[in-house]
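final_1.cif (mmCIF, C-alpha atoms)
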```cif
data_run
loop_
_atom_site.label_atom_id
_atom_site.label_comp_id
_atom_site.auth_asym_id
_atom_site.auth_seq_id
_atom_site.Cartn_x
_atom_site.Cartn_y
_atom_site.Cartn_z
CA MET A 1 91.95 77.04 98.31
CA ASN A 2 91.98 80.18 100.44
CA ARG A 3 89.54 82.80 99.32
CA VAL A 4 90.61 86.19 98.07
CA ALA A 5 88.91 89.57 98.42
CA LEU A 6 90.04 92.66 96.52
CA SER A 7 88.44 96.13 96.35
CA VAL A 8 87.01 97.86 93.22
CA ALA A 9 83.84 99.75 92.23
CA LEU A 10 80.70 97.65 91.64
CA PHE A 11 78.10 97.70 88.88
CA LEU A 12 75.59 94.79 88.86
CA LEU A 13 74.86 92.73 85.75
CA ALA A 14 71.40 93.62 84.46
CA GLY A 15 70.48 89.93 84.21
CA LEU A 16 71.20 89.37 87.91
CA ALA A 17 69.89 92.62 89.36
CA GLY A 18 67.62 92.18 92.35
CA ARG A 19 67.97 88.40 92.58
CA PRO A 20 68.93 87.32 96.12
CA ILE A 21 71.45 84.46 96.30
CA ALA A 22 72.24 82.60 99.53
CA GLN A 23 75.81 82.96 100.79
CA ALA A 24 76.56 85.37 97.99
CA ASP A 25 79.98 86.23 96.65
CA VAL A 26 80.71 89.20 94.42
CA ILE A 27 82.85 88.75 91.31
CA VAL A 28 84.10 91.98 89.73
CA LEU A 29 85.33 91.83 86.16
CA LYS A 30 88.05 94.11 84.79
CA SER A 31 85.39 95.63 82.55
CA GLY A 32 83.63 96.93 85.69
CA THR A 33 80.80 94.39 85.54
CA VAL A 34 79.79 92.70 88.78
CA ILE A 35 78.37 89.20 89.09
CA GLU A 36 76.71 88.04 92.29
CA GLY A 37 76.79 84.30 92.88
CA THR A 38 78.33 81.51 94.94
CA THR A 39 81.93 80.65 94.09
CA ASP A 40 82.66 76.95 93.54
CA SER A 41 86.37 77.12 92.73
CA VAL A 42 89.18 79.52 91.89
CA ASP A 43 92.47 78.60 90.22
CA ALA A 44 95.09 80.25 88.03
CA THR A 45 92.98 79.92 84.86
CA LYS A 46 89.30 80.16 85.76
CA VAL A 47 86.64 81.01 88.33
CA VAL A 48 83.60 78.74 88.54
CA LEU A 49 80.48 80.00 90.30
CA GLN A 50 76.80 79.26 90.69
CA VAL A 51 74.46 82.03 89.57
CA GLU A 52 70.72 82.24 89.29
CA GLY A 53 69.85 79.71 86.60
CA GLY A 54 72.97 77.56 86.60
CA SER A 55 76.77 77.42 86.61
CA SER A 56 79.11 79.98 85.04
CA SER A 57 82.85 79.76 84.25
CA LEU A 58 84.98 82.90 83.90
CA GLU A 59 88.52 83.34 82.63
CA ARG A 60 90.72 84.18 85.63
CA SER A 61 92.49 86.86 83.61
CA SER A 62 89.18 88.73 83.17
CA VAL A 63 88.51 88.92 86.93
CA ALA A 64 89.62 92.06 88.78
CA SER A 65 88.45 91.00 92.25
CA ILE A 66 86.50 88.45 94.26
CA HIS A 67 84.61 89.37 97.46
CA PHE A 68 83.64 86.27 99.43
CA GLY A 69 80.64 85.99 101.74
CA ILE A 70 79.20 89.42 101.01
CA SER A 71 76.22 90.61 99.00
CA LYS A 72 76.29 93.55 96.64
CA ALA A 73 74.03 95.55 98.98
CA ASP A 74 76.27 94.96 102.01
CA TYR A 75 79.41 95.77 100.05
CA GLU A 76 77.93 99.01 98.75
CA ARG A 77 77.00 100.06 102.30
CA GLN A 78 80.56 99.42 103.53
CA ARG A 79 82.07 101.22 100.56
CA ARG A 80 79.89 104.30 101.10
CA ALA A 81 80.68 104.35 104.84
CA GLY A 82 84.40 104.88 104.18
CA PRO A 83 87.33 103.90 106.44
CA ALA A 84 86.47 106.34 109.23
CA GLN A 85 83.04 104.76 109.83
CA GLN A 86 84.01 101.11 109.57
CA THR A 87 84.18 98.98 112.70
CA ALA A 88 87.58 99.24 114.34
CA ALA A 89 87.44 95.67 115.70
CA ALA A 90 87.62 93.93 112.32
CA ALA A 91 89.02 94.60 108.87
CA PRO A 92 86.61 95.53 106.05
CA ALA A 93 85.11 92.59 104.17
CA ASP A 94 86.76 93.59 100.88
CA VAL A 95 90.27 92.96 102.25
CA ILE A 96 92.17 89.69 101.96
CA GLU A 97 92.04 87.81 105.24
CA TRP A 98 95.14 86.92 107.22
CA GLY A 99 96.88 83.88 105.74
CA ALA A 100 95.12 84.02 102.36
CA PRO A 101 97.03 84.83 99.15
CA ALA A 102 96.19 87.35 96.46
CA GLU A 103 96.12 85.94 92.94
CA ALA A 104 96.49 87.94 89.76
CA GLU A 105 97.60 87.06 86.25
CA GLY A 106 100.98 85.34 86.55
CA ILE A 107 101.53 86.05 90.25
CA THR A 108 100.49 84.92 93.71
CA LEU A 109 101.34 87.21 96.61
CA ALA A 110 100.91 86.62 100.34
CA VAL A 111 101.96 88.12 103.66
CA ALA A 112 104.38 85.53 105.04
CA SER A 113 105.25 87.15 108.39
CA VAL A 114 105.09 90.43 110.31
CA ARG A 115 107.37 91.37 113.18
CA VAL A 116 108.79 94.31 115.12
CA GLY A 117 112.57 94.43 115.31
CA THR A 118 115.71 96.22 114.18
CA THR A 119 116.34 96.02 110.44
CA ALA A 120 119.48 94.65 108.81
CA VAL A 121 120.83 97.03 106.17
CA HIS A 122 123.78 97.10 103.80
CA GLY A 123 125.37 100.36 102.70
CA PHE A 124 128.64 101.94 101.66
CA GLY A 125 130.09 101.19 105.09
CA GLY A 126 129.13 97.51 104.92
CA PRO A 127 126.46 95.59 106.84
CA GLY A 128 124.72 97.10 109.86
CA ARG A 129 121.39 97.40 111.68
CA GLY A 130 118.92 100.18 112.25
CA THR A 131 119.02 101.92 115.62
CA ASN A 132 115.28 101.79 116.34
CA PRO A 133 112.76 98.94 115.90
CA ASP A 134 110.78 98.84 112.66
CA LEU A 135 107.69 96.98 111.52
CA GLN A 136 108.93 94.35 109.05
CA ILE A 137 106.50 92.73 106.62
CA ALA A 138 107.76 89.77 104.60
CA LEU A 139 105.90 89.06 101.35
CA ALA A 140 105.96 85.67 99.62
CA ILE A 141 105.93 85.89 95.82
CA SER A 142 105.25 83.12 93.29
CA ASN A 143 105.42 83.32 89.50
CA THR A 144 102.45 81.18 88.47
CA SER A 145 103.06 81.53 84.72
CA ASP A 146 104.58 78.64 82.79
CA ARG A 147 106.07 80.98 80.18
CA LYS A 148 106.53 84.57 81.34
CA ILE A 149 109.32 85.96 83.51
CA LEU A 150 108.07 88.02 86.45
CA ARG A 151 110.16 91.15 86.88
CA TYR A 152 110.17 93.52 89.86
CA ASP A 153 110.29 97.18 88.87
CA THR A 154 111.94 99.24 91.63
CA PRO A 155 109.60 102.07 92.73
CA ASN A 156 110.68 105.64 92.05
CA ARG A 157 111.72 107.19 95.38
CA PHE A 158 110.16 110.50 94.32
CA MET A 159 106.74 108.95 93.58
CA ALA A 160 104.11 107.48 95.90
CA SER A 161 105.13 104.04 97.10
CA PRO A 162 103.22 101.04 95.70
CA PHE A 163 103.20 99.67 99.26
CA GLN A 164 100.85 101.62 101.57
CA LEU A 165 100.02 100.80 105.17
CA ARG A 166 97.15 102.15 107.33
CA ASP A 167 95.74 101.16 110.69
CA ASP A 168 92.16 100.52 111.80
CA VAL A 169 91.46 104.22 112.38
CA ASP A 170 93.01 105.20 109.02
CA ASN A 171 96.36 106.45 110.34
CA VAL A 172 99.04 106.31 107.65
CA ILE A 173 101.98 104.18 108.81
CA ARG A 174 105.00 105.61 107.04
CA GLY A 175 107.58 103.54 105.25
CA VAL A 176 111.15 103.60 106.57
CA ARG A 177 114.08 104.45 104.32
CA TYR A 178 117.73 104.21 105.25
CA GLY A 179 119.09 106.77 102.80
CA ALA A 180 120.82 106.69 99.44
CA GLY A 181 123.25 103.82 99.09
CA SER A 182 121.65 101.75 101.83
CA GLU A 183 119.54 98.69 101.08
CA VAL A 184 117.35 96.67 103.39
CA VAL A 185 118.60 93.09 103.55
CA GLY A 186 115.83 90.87 102.18
CA ALA A 187 114.22 93.59 100.03
CA LEU A 188 114.12 93.29 96.25
CA THR A 189 116.42 95.75 94.50
CA GLY A 190 115.01 95.62 90.95
CA ASN A 191 117.73 93.32 89.65
CA GLU A 192 115.73 90.16 90.24
CA ASP A 193 113.82 88.08 87.71
CA PHE A 194 111.39 85.36 88.79
CA GLU A 195 111.54 82.53 86.28
CA PRO A 196 108.28 80.69 85.44
CA GLY A 197 107.23 78.59 88.42
CA SER A 198 109.80 80.13 90.79
CA ARG A 199 109.29 81.73 94.19
CA GLY A 200 110.87 84.56 96.13
CA SER A 201 110.29 87.13 98.87
CA HIS A 202 110.38 90.85 99.52
CA LEU A 203 110.82 92.66 102.85
CA LEU A 204 108.91 95.89 103.56
CA VAL A 205 109.88 98.18 106.43
CA PHE A 206 107.51 100.64 108.13
CA ALA A 207 107.34 102.64 111.33
CA VAL A 208 105.95 100.73 114.32
CA PRO A 209 102.16 101.37 114.58
CA PRO A 210 100.56 103.05 117.63
CA PRO A 211 100.22 100.73 120.67
CA LYS A 212 96.40 100.40 120.55
CA THR A 213 96.29 99.32 116.90
CA LYS A 214 93.73 96.55 116.27
CA PHE A 215 94.71 95.68 112.71
CA LEU A 216 96.60 97.02 109.71
CA ILE A 217 95.67 97.19 106.02
CA LEU A 218 98.54 96.73 103.58
CA SER A 219 97.82 97.91 100.01
CA VAL A 220 100.07 96.61 97.24
CA ASP A 221 100.01 98.04 93.72
CA LEU A 222 100.98 95.02 91.63
CA SER A 223 102.04 97.25 88.74
CA VAL A 224 105.56 96.88 90.21
CA PHE A 225 105.29 93.30 88.95
CA GLY A 226 103.66 94.29 85.67
CA CYS A 227 100.07 93.56 86.78
CA GLN A 228 97.54 96.42 86.87
CA VAL A 229 95.78 95.38 90.09
CA ILE A 230 95.82 96.73 93.66
CA VAL A 231 95.37 94.19 96.45
CA ARG A 232 94.80 94.80 100.17
CA PHE A 233 95.80 92.50 103.04
CA SER A 234 94.50 92.48 106.60
CA ILE A 235 97.13 92.13 109.34
CA PRO A 236 95.64 91.56 112.81
CA ALA A 237 97.72 93.12 115.58
CA GLU A 238 97.93 89.81 117.42
CA ARG A 239 99.77 88.36 114.40
CA ILE A 240 102.59 90.91 114.67
CA GLU A 241 105.50 89.23 116.42
CA GLY A 242 106.97 91.43 119.15
CA PHE A 243 104.23 94.09 118.90
CA ALA A 244 102.20 93.38 122.06
CA ALA A 245 105.41 92.90 124.07
CA ARG A 246 106.69 96.43 123.45
#
```
Will you turn the file into structure tokens for me?
Amino acid sequence: MNRVALSVALFLLAGLAGRPIAQADVIVLKSGTVIEGTTDSVDATKVVLQVEGGSSSLERSSVASIHFGISKADYERQRRAGPAQQTAAAAPADVIEWGAPAEAEGITLAVASVRVGTTAVHGFGGPGRGTNPDLQIALAISNTSDRKILRYDTPNRFMASPFQLRDDVDNVIRGVRYGAGSEVVGALTGNEDFEPGSRGSHLLVFAVPPPKTKFLILSVDLSVFGCQVIVRFSIPAERIEGFAAR
């Protein structure tokens, strides 16, 4: 299974403090506790890892984030450095790598595709297209629950968007809106329910990033799906269809 990395504050378990572990991963619980170990497996119900002294199994619902291939000390150094001091050639280690999904209780989310192109919209005047190219990010959504309906809650236009995009030098890439009464074709409207086990998609539209962009970081507040977790995805510039050819 692809490995997932999500960002939250770290506090080390007293029983594990100071014990070096080869090829360490960092497991952050929703309580704020951090466990350093080597992850054996991750699925929808549990996380199994090797810690000093043996194997440990955690309920997946109790895990806030998993940082693969990084020690607590290295993570703390990166977190203190802040976005402005991180290397511009690669995304921070606490961000989900390209192609890997984010998993939270009842939902799996992944970046399916990213491209530059004109956006199809539907408004009072019928179907049409935007005049200028946009950055279009398609998200793949899966309801992993066998009982609960996953419901998308349309963000309030007057509040901060749950979908935030920044580049490798911390420029904010603004979202694109087509005005009241206009809807982006392929975007969720808030009238959709994902039945248990079903899949769907959502299209995000942003301004095209500056030409020298190395990578983008997409932050998604999963509270729009009823899950109190924020996940961050890395999008390498070379994966953006039509970007280098501009």
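Remark: for A:Gly99, the closest of the candidate residues A:Ala140, A:Leu135, A:Leu58, A:Lys212 is A:Ala140 (distances computed over only C-alpha atoms).
With the shown file loaded, the PyMOL selection byres ((chain A and resi 50) around 6) picks out Gly37, Thr38, Leu49, Val51, Gly54 and Ser55 of chain A.
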Expected file: the selected residues, C-alpha atoms, as an mmCIF file, in the coordinates of the input:
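The resulting file, out.cif, is shown below:
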```cif
data_model
loop_
_atom_site.group_PDB
_atom_site.id
_atom_site.type_symbol
_atom_site.label_atom_id
_atom_site.label_comp_id
_atom_site.auth_asym_id
_atom_site.auth_seq_id
_atom_site.Cartn_x
_atom_site.Cartn_y
_atom_site.Cartn_z
ATOM 1 C CA GLY A 37 76.790 84.300 92.880
ATOM 2 C CA THR A 38 78.330 81.510 94.940
ATOM 3 C CA LEU A 49 80.480 80.000 90.300
ATOM 4 C CA VAL A 51 74.460 82.030 89.570
ATOM 5 C CA GLY A 54 72.970 77.560 86.600
ATOM 6 C CA SER A 55 76.770 77.420 86.610
#
```
Quick one: which stretch 164-192 of chain A residues come within 7 Å of stretch 214-227 of chain A, and what is the nearest atom pair for each with the distance in Å to one decimal, counting all atoms listed in the file, rows ordered by chain and ascending number, as CSV?
```
residue,atom,partner,partner_atom,distance
A:Gln164,CA,A:Ser219,CA,5.0
A:Leu165,CA,A:Leu218,CA,4.6
A:Arg166,CA,A:Ile217,CA,5.3
A:Asp167,CA,A:Leu216,CA,4.3
A:Asp168,CA,A:Phe215,CA,5.5
```
TODO: Considering only C-alpha atoms, state which residue in the set A:Phe163, A:Phe206, A:Phe243, A:Tyr178 is at the smallest distance from A:Val231.
DONE: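 Of A:Phe163, A:Phe206, A:Phe243, A:Tyr178, the one nearest A:Val231 is A:Phe163, counting only C-alpha atoms.
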- [ ] For A:Thr144, please output as an MDAnalysis selection string all residues within 7 Å (counting only C-alpha atoms; exclusion window: fewer than 4 positions along the same chain).
- [x] chainID A and resid 106:108 196:197
TODO: To one decimal in Å, tell me the separation between atom CA of A:Arg147 and atom CA of A:Arg60.
DONE: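 About the pair atom CA of A:Arg147 and atom CA of A:Arg60: they are 16.6 Å apart.
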TODO: Could you expand the PyMOL selection byres ((chain A and resi 45) around 12) into the explicit residues it covers here, written as a count of residues only?
DONE: 22
Task: Result set of the PyMOL selection byres ((chain A and resi 31) around 9) on the coordinates above, as a list in words - done: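 When the PyMOL selection byres ((chain A and resi 31) around 9) is applied, the selected residues are Val28, Leu29, Lys30, Gly32, Thr33, Val34, Ser62, Val63 and Ala64 of chain A.
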Writer output for current selection, C-alpha atoms, as a PDB file, in the frame of the given file:
```pdb
ATOM      1  CA  VAL A  28      84.100  91.980  89.730  1.00  0.00           C
ATOM      2  CA  LEU A  29      85.330  91.830  86.160  1.00  0.00           C
ATOM      3  CA  LYS A  30      88.050  94.110  84.790  1.00  0.00           C
ATOM      4  CA  GLY A  32      83.630  96.930  85.690  1.00  0.00           C
ATOM      5  CA  THR A  33      80.800  94.390  85.540  1.00  0.00           C
ATOM      6  CA  VAL A  34      79.790  92.700  88.780  1.00  0.00           C
ATOM      7  CA  SER A  62      89.180  88.730  83.170  1.00  0.00           C
ATOM      8  CA  VAL A  63      88.510  88.920  86.930  1.00  0.00           C
ATOM      9  CA  ALA A  64      89.620  92.060  88.780  1.00  0.00           C
TER      10      ALA A  64
END
```
TODO: Go ahead and compute the interatomic distance for atom CA of A:Ile230 and atom CA of A:Thr119, in Å to one decimal.
DONE: 26.5 Å
Open item on the list: Between atom CA of A:Ala110 and atom CA of A:Ile141, what distance in Å does the model show, to one decimal?
Closed with: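 Interatomic distance here is 6.8 Å.
For A:Leu203, the residues within 12 Å (counting all atoms listed in the file, excluding itself and residues fewer than 6 positions away along the chain) are Ala110, Val111, Ala112, Ser113, Val114, Arg115, Thr119, Ala120, Val121, Asp134, Leu135, Gln136, Ile137, Ala138, Leu139, Ala140, Ile141, Phe163, Gly175, Val176, Glu183, Val184, Val185, Gly186, Ala187, Leu188 and Thr189 of chain A.
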Open item on the list: Could you check the closest approach to A:Ser182 for each of A:Gly128, A:Leu109, A:Asp25, A:Gly53 and tell me which residue wins, using all atoms listed in the file?
Closed with: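 The closest residue to A:Ser182 is A:Gly128.
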Open item on the list: Considering only C-alpha atoms, can you say which of A:Lys72, A:Ala160, A:Ala100, A:Glu52 comes closest to A:Val26?
Closed with: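 Checking each candidate against A:Val26, we get A:Lys72 as the closest.
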Task: Of the listed residues A:Val205, A:Leu150, A:Val169, A:Ile66, that which approaches A:Asn191 most closely, counting all atoms listed in the file - done: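 Closest to A:Asn191, using all atoms listed in the file: A:Leu150.
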Around all listed atoms of stretch 122-141 of chain A, padded 8 Å per side, what centre and edge lengths does the axis-aligned box have in Å to one decimal, as lines of an AutoDock Vina configuration file?
```
center_x = 118.0
center_y = 93.8
center_z = 106.1
size_x = 40.2
size_y = 32.3
size_z = 36.5
```
Open item on the list: Between A:Pro236, A:Pro101, A:Pro209, A:Gly242, which residue has the minimum interatomic distance to A:Ser142, considering only C-alpha atoms?
Closed with: A:Pro101
With N, CA and C atoms as the goal, would you fill in the gaps in stretch 127-140 of chain A and present it as a compact mmCIF listing (two decimals), in the coordinates of the input?
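New file result-v5.txt:
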```txt
# COMPACT_ATOMS: atom_id res chain seq x y z
N PRO A 127 127.70 95.99 106.16
CA PRO A 127 126.46 95.59 106.84
C PRO A 127 126.29 96.29 108.19
N GLY A 128 125.03 96.49 108.58
CA GLY A 128 124.72 97.10 109.86
C GLY A 128 123.27 96.86 110.21
N ARG A 129 122.79 97.52 111.26
CA ARG A 129 121.39 97.40 111.68
C ARG A 129 120.87 98.78 112.02
N GLY A 130 119.55 98.95 111.85
CA GLY A 130 118.92 100.18 112.25
C GLY A 130 119.00 100.37 113.76
N THR A 131 118.93 101.62 114.18
CA THR A 131 119.02 101.92 115.62
C THR A 131 117.72 101.61 116.35
N ASN A 132 116.59 101.96 115.72
CA ASN A 132 115.28 101.79 116.34
C ASN A 132 114.51 100.62 115.72
N PRO A 133 113.58 100.03 116.47
CA PRO A 133 112.76 98.94 115.90
C PRO A 133 111.89 99.44 114.75
N ASP A 134 111.67 98.59 113.79
CA ASP A 134 110.78 98.84 112.66
C ASP A 134 109.72 97.75 112.61
N LEU A 135 108.66 98.02 111.86
CA LEU A 135 107.69 96.98 111.52
C LEU A 135 108.15 96.35 110.21
N GLN A 136 108.42 95.06 110.23
CA GLN A 136 108.93 94.35 109.05
C GLN A 136 107.86 93.39 108.53
N ILE A 137 107.51 93.58 107.27
CA ILE A 137 106.50 92.73 106.62
C ILE A 137 107.17 91.95 105.50
N ALA A 138 107.17 90.63 105.63
CA ALA A 138 107.76 89.77 104.60
C ALA A 138 106.66 89.28 103.66
N LEU A 139 106.85 89.51 102.37
CA LEU A 139 105.90 89.06 101.35
C LEU A 139 106.46 87.83 100.64
N ALA A 140 105.60 86.85 100.41
CA ALA A 140 105.96 85.67 99.62
C ALA A 140 105.43 85.84 98.20
```
